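Q: Handing you a structure now.
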Amino acid sequence: MSENREFQLGTIGALSLSVVSSVSIVICNKALISTLGFTFATTLTSWHLLVTFCSLHVALWMKLFEHKPFDARAVMGFGILNGISIGLLNLSLGFNSVGFYQMTKLAIIPCTVLLETLFFRKKFSRNIQLSLAILLLGVGIATVTDLQLNILGSILSLLAVVTTCIAQIMTNTIQKKFKVSSTQLLYQSCPYQALTLFIIGPFLDGLLTNKNVFAFKYTPQVLFFIVLSCLISVSVNFSTFLVIGKTSPVTYQVLGHLKTCLVLAFGYVLLHDPFSWRNILGILIAVVGMVIYSYYCTVESQQQKASEVSPQLPQVKESESDPLISVDNGSGMLSDGVDEKLEMKSVPAMENGGGKGDSYVAQAAQQQ
């Protein structure tokens, strides 16, 4: 049981690290984008991933983790897909209203549930489905303000949702299939993500902002916030892979919406952003959905573990040894489970995680 307790503590730590680092980078990027005018979200994300790779390389040199090579094609495909999903999310925000972009993000959870049900035969109970519906309703009330539709924006949003769902499901399945840690997977996939975004970043940013990232005036203040953003992104990217590996893609998306609510609250308290009763009502409903989701995930997880332990009970009676009642935590789920892409409307307004490359450059500007 001690191993199970350690697993739960590790999961709670990963969730906490993800929340703290993500909210921190959104606040940092909000200052960078809104105040200093650096609106090059995709290019900044490529720098995030490059710094993350360099940090992990130093950690490898210091023998803080072990390099474990595995299927090179899987790593390359995974890294490129992650990079493309980030670019598509930023394009979706650039060619749609903020409200429609928020609906795009809300669609990631039901799409992930559908894909895992169809291709992985994963079952989600009605209680879990109800809690997710309450969560999405709350976030929708708090964040969705307008729904202006256009064909190009809708196509980009559809592609962004599908690629994001597949990339996050792959993050979970690759770690379990090849028995690699989140650090090992992030270290090997980072170069491909960074290269993809570094190539397409300046083009996408130019298309969305009509500005050249290389012609921007880099003052000491701008450079300070860029460096700070890149340093925080190491934690964002690491915690993203850690959370998805320890829980699941759905839980990661639920956590992403919690971050959105926290960012709205922090924006009101610290930055005096506009805040209405609709925001408050939506956040409260979303929190209720998150609490119900966490409760039923924990209950179902305990029931699953109890069913796994029950066949071992006769052996326990024979030997009267408690250590035999140990549960394998390798595939456990504390909360069965989003960048969160950066939610940055490159021009008017624009969330790892980055992490998954969930770069949070976008969410920073969303509250302008």
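Please note that chains go A, B, ... in the order of the structure tokens, that every chain numbers its residues from 1, and that ligands are numbered from 1 in the order shown.
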Can you tell me, as a list in words, what residues are no more than 10 Å from stretch 69-75 of chain A when counting only C-alpha atoms, ignoring any on the same chain fewer than 5 positions away?

A: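 These residues fall inside the cut-off: Ile80, Leu81, Met170, Ile174, Phe178, Lys179, Val180, Gln184, Leu185, Leu186, Gln188, Ser189, Cys190 and Tyr192 of chain A.
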
Q: Determine which residues of stretch 29-100 of chain A receive a DSSP assignment of helix (DSSP H, G or I), computed from the backbone, and state them as a ChimeraX atom specification.

A: /A:29-35,41-61,72-95,98-100

Q: Near A:Leu208, within 10 Å and counting only C-alpha atoms, which residues show up once chain neighbours fewer than 3 positions away are dropped, as a list in words?

A: Thr39, Phe40, Ala41, Asn90, Leu91, Leu93, Gly94, Phe95, Pro202, Phe203, Leu204, Asp205, Lys211, Lys345, Ser346 and Val347 of chain A

Q: Using Å and a single decimal, report how far atom CA of A:Ser125 sits from atom CA of A:Val299.

A: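 It comes out at 11.5 Å.
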
Q: So that I can see what lies close to A:Leu195, please list as a count of residues only the residues with an atom at most 8 Å from it, counting only C-alpha atoms and leaving out residues fewer than 4 positions away in the same chain.

A: 3

Q: I'd like the neighbourhood of A:Ala167 as a list in words, where a residue qualifies if any of its atoms comes within 8 Å (using only C-alpha atoms), though same-chain residues fewer than 6 positions away should be ignored.

A: Phe78, Leu81, Asn82, Ser85 and Lys356 of chain A

Q: May I have the residues within 10 Å of stretch 220-229 of chain A as a list in words, using only C-alpha atoms and disregarding those fewer than 4 positions away in the same chain?

A: Ser24, Ile25, Val26, Ile27, Cys28, Asn29, Ala31, Leu32, Ile33, Thr35, Leu36, Gly37, Phe38, Leu44, Thr45, Trp47, His48, Val51, Ser233, Val234, Ser359, Tyr360 and Val361 of chain A

Q: Keeping only N, CA and C atoms, write those residues as a compact mmCIF listing (two decimals), in the first residue's frame.

A:
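The file below, out12.txt, is the result:
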```
# COMPACT_ATOMS: atom_id res chain seq x y z
N SER A 24 1.48 30.78 -13.69
CA SER A 24 2.62 31.71 -13.66
C SER A 24 3.01 32.15 -15.06
N ILE A 25 3.05 31.19 -16.00
CA ILE A 25 3.51 31.55 -17.34
C ILE A 25 2.45 32.38 -18.08
N VAL A 26 1.17 32.17 -17.76
CA VAL A 26 0.13 32.99 -18.37
C VAL A 26 0.27 34.44 -17.92
N ILE A 27 0.49 34.64 -16.62
CA ILE A 27 0.67 36.00 -16.10
C ILE A 27 1.90 36.66 -16.72
N CYS A 28 2.99 35.89 -16.82
CA CYS A 28 4.22 36.41 -17.42
C CYS A 28 4.00 36.78 -18.88
N ASN A 29 3.35 35.88 -19.63
CA ASN A 29 3.12 36.14 -21.05
C ASN A 29 2.11 37.25 -21.29
N ALA A 31 1.96 39.95 -19.53
CA ALA A 31 2.76 41.18 -19.48
C ALA A 31 3.58 41.34 -20.75
N LEU A 32 4.12 40.23 -21.26
CA LEU A 32 4.94 40.27 -22.47
C LEU A 32 4.12 40.67 -23.69
N ILE A 33 2.91 40.12 -23.78
CA ILE A 33 2.10 40.34 -24.98
C ILE A 33 1.28 41.63 -24.90
N THR A 35 1.38 44.18 -22.56
CA THR A 35 2.07 45.41 -22.16
C THR A 35 3.20 45.78 -23.11
N LEU A 36 3.99 44.77 -23.49
CA LEU A 36 5.19 45.04 -24.28
C LEU A 36 4.99 44.81 -25.78
N GLY A 37 3.84 44.26 -26.16
CA GLY A 37 3.52 44.14 -27.58
C GLY A 37 4.21 43.01 -28.32
N PHE A 38 4.77 42.02 -27.60
CA PHE A 38 5.41 40.89 -28.26
C PHE A 38 4.35 39.83 -28.52
N LEU A 44 7.56 32.10 -29.99
CA LEU A 44 7.92 32.03 -28.57
C LEU A 44 7.81 30.60 -28.06
N THR A 45 6.80 29.88 -28.54
CA THR A 45 6.63 28.48 -28.13
C THR A 45 7.83 27.63 -28.57
N TRP A 47 10.85 28.65 -28.86
CA TRP A 47 11.94 28.98 -27.93
C TRP A 47 11.73 28.26 -26.60
N HIS A 48 10.47 28.19 -26.16
CA HIS A 48 10.16 27.45 -24.93
C HIS A 48 10.68 26.01 -25.02
N VAL A 51 14.55 25.73 -25.04
CA VAL A 51 15.11 25.89 -23.69
C VAL A 51 14.82 24.65 -22.85
N SER A 233 8.53 27.84 -18.76
CA SER A 233 8.01 26.85 -19.70
C SER A 233 8.62 25.47 -19.48
N VAL A 234 9.84 25.42 -18.94
CA VAL A 234 10.46 24.12 -18.65
C VAL A 234 9.57 23.35 -17.68
N SER A 359 2.02 25.70 -24.92
CA SER A 359 2.56 27.00 -24.68
C SER A 359 1.45 27.88 -24.25
N TYR A 360 1.68 28.69 -23.27
CA TYR A 360 0.60 29.50 -22.75
C TYR A 360 0.71 30.91 -23.24
N VAL A 361 1.31 31.12 -24.37
CA VAL A 361 1.43 32.47 -24.85
C VAL A 361 0.06 32.98 -25.18
```

Q: Quick one, how far is atom CA of A:Ala215 from atom CA of A:Phe198?

A: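 According to the coordinates, atom CA of A:Ala215 and atom CA of A:Phe198 are separated by 16.0 Å.
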
Q: Quick one, how far is atom CA of A:Ser239 from atom CA of A:Tyr252?

A: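 Separation of atom CA of A:Ser239 and atom CA of A:Tyr252: 10.2 Å.
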
Q: Could you name the residues that touch A:Ile108 at 7 Å or less, counting only C-alpha atoms, but leaving out those on the same chain fewer than 4 positions away, as a list in words?

A: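 Close residues of A:Ile108: Thr104, Thr112, Val161 and Cys165 of chain A.
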
Q: Using only N, CA, C and O atoms, please write the residues we just selected to a file, as a PDB file, in the first residue's frame.

A:
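Resulting contents of selection-v8.pdb:
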```pdb
ATOM      1  N   THR A 104     -13.808  25.722 -29.211  1.00  0.00           N
ATOM      2  CA  THR A 104     -12.878  24.740 -29.769  1.00  0.00           C
ATOM      3  C   THR A 104     -12.161  23.999 -28.651  1.00  0.00           C
ATOM      4  O   THR A 104     -12.023  22.771 -28.675  1.00  0.00           O
ATOM      5  N   THR A 112     -11.793  13.680 -27.101  1.00  0.00           N
ATOM      6  CA  THR A 112     -10.872  12.719 -26.492  1.00  0.00           C
ATOM      7  C   THR A 112     -11.622  11.504 -25.962  1.00  0.00           C
ATOM      8  O   THR A 112     -11.206  10.355 -26.154  1.00  0.00           O
ATOM      9  N   VAL A 161      -8.556  20.529 -32.962  1.00  0.00           N
ATOM     10  CA  VAL A 161      -9.126  19.630 -31.953  1.00  0.00           C
ATOM     11  C   VAL A 161      -8.643  18.199 -32.174  1.00  0.00           C
ATOM     12  O   VAL A 161      -8.204  17.519 -31.233  1.00  0.00           O
ATOM     13  N   CYS A 165      -6.142  16.165 -29.598  1.00  0.00           N
ATOM     14  CA  CYS A 165      -6.616  14.948 -28.935  1.00  0.00           C
ATOM     15  C   CYS A 165      -5.680  13.772 -29.205  1.00  0.00           C
ATOM     16  O   CYS A 165      -5.301  13.042 -28.279  1.00  0.00           O
TER      17      CYS A 165
END
```
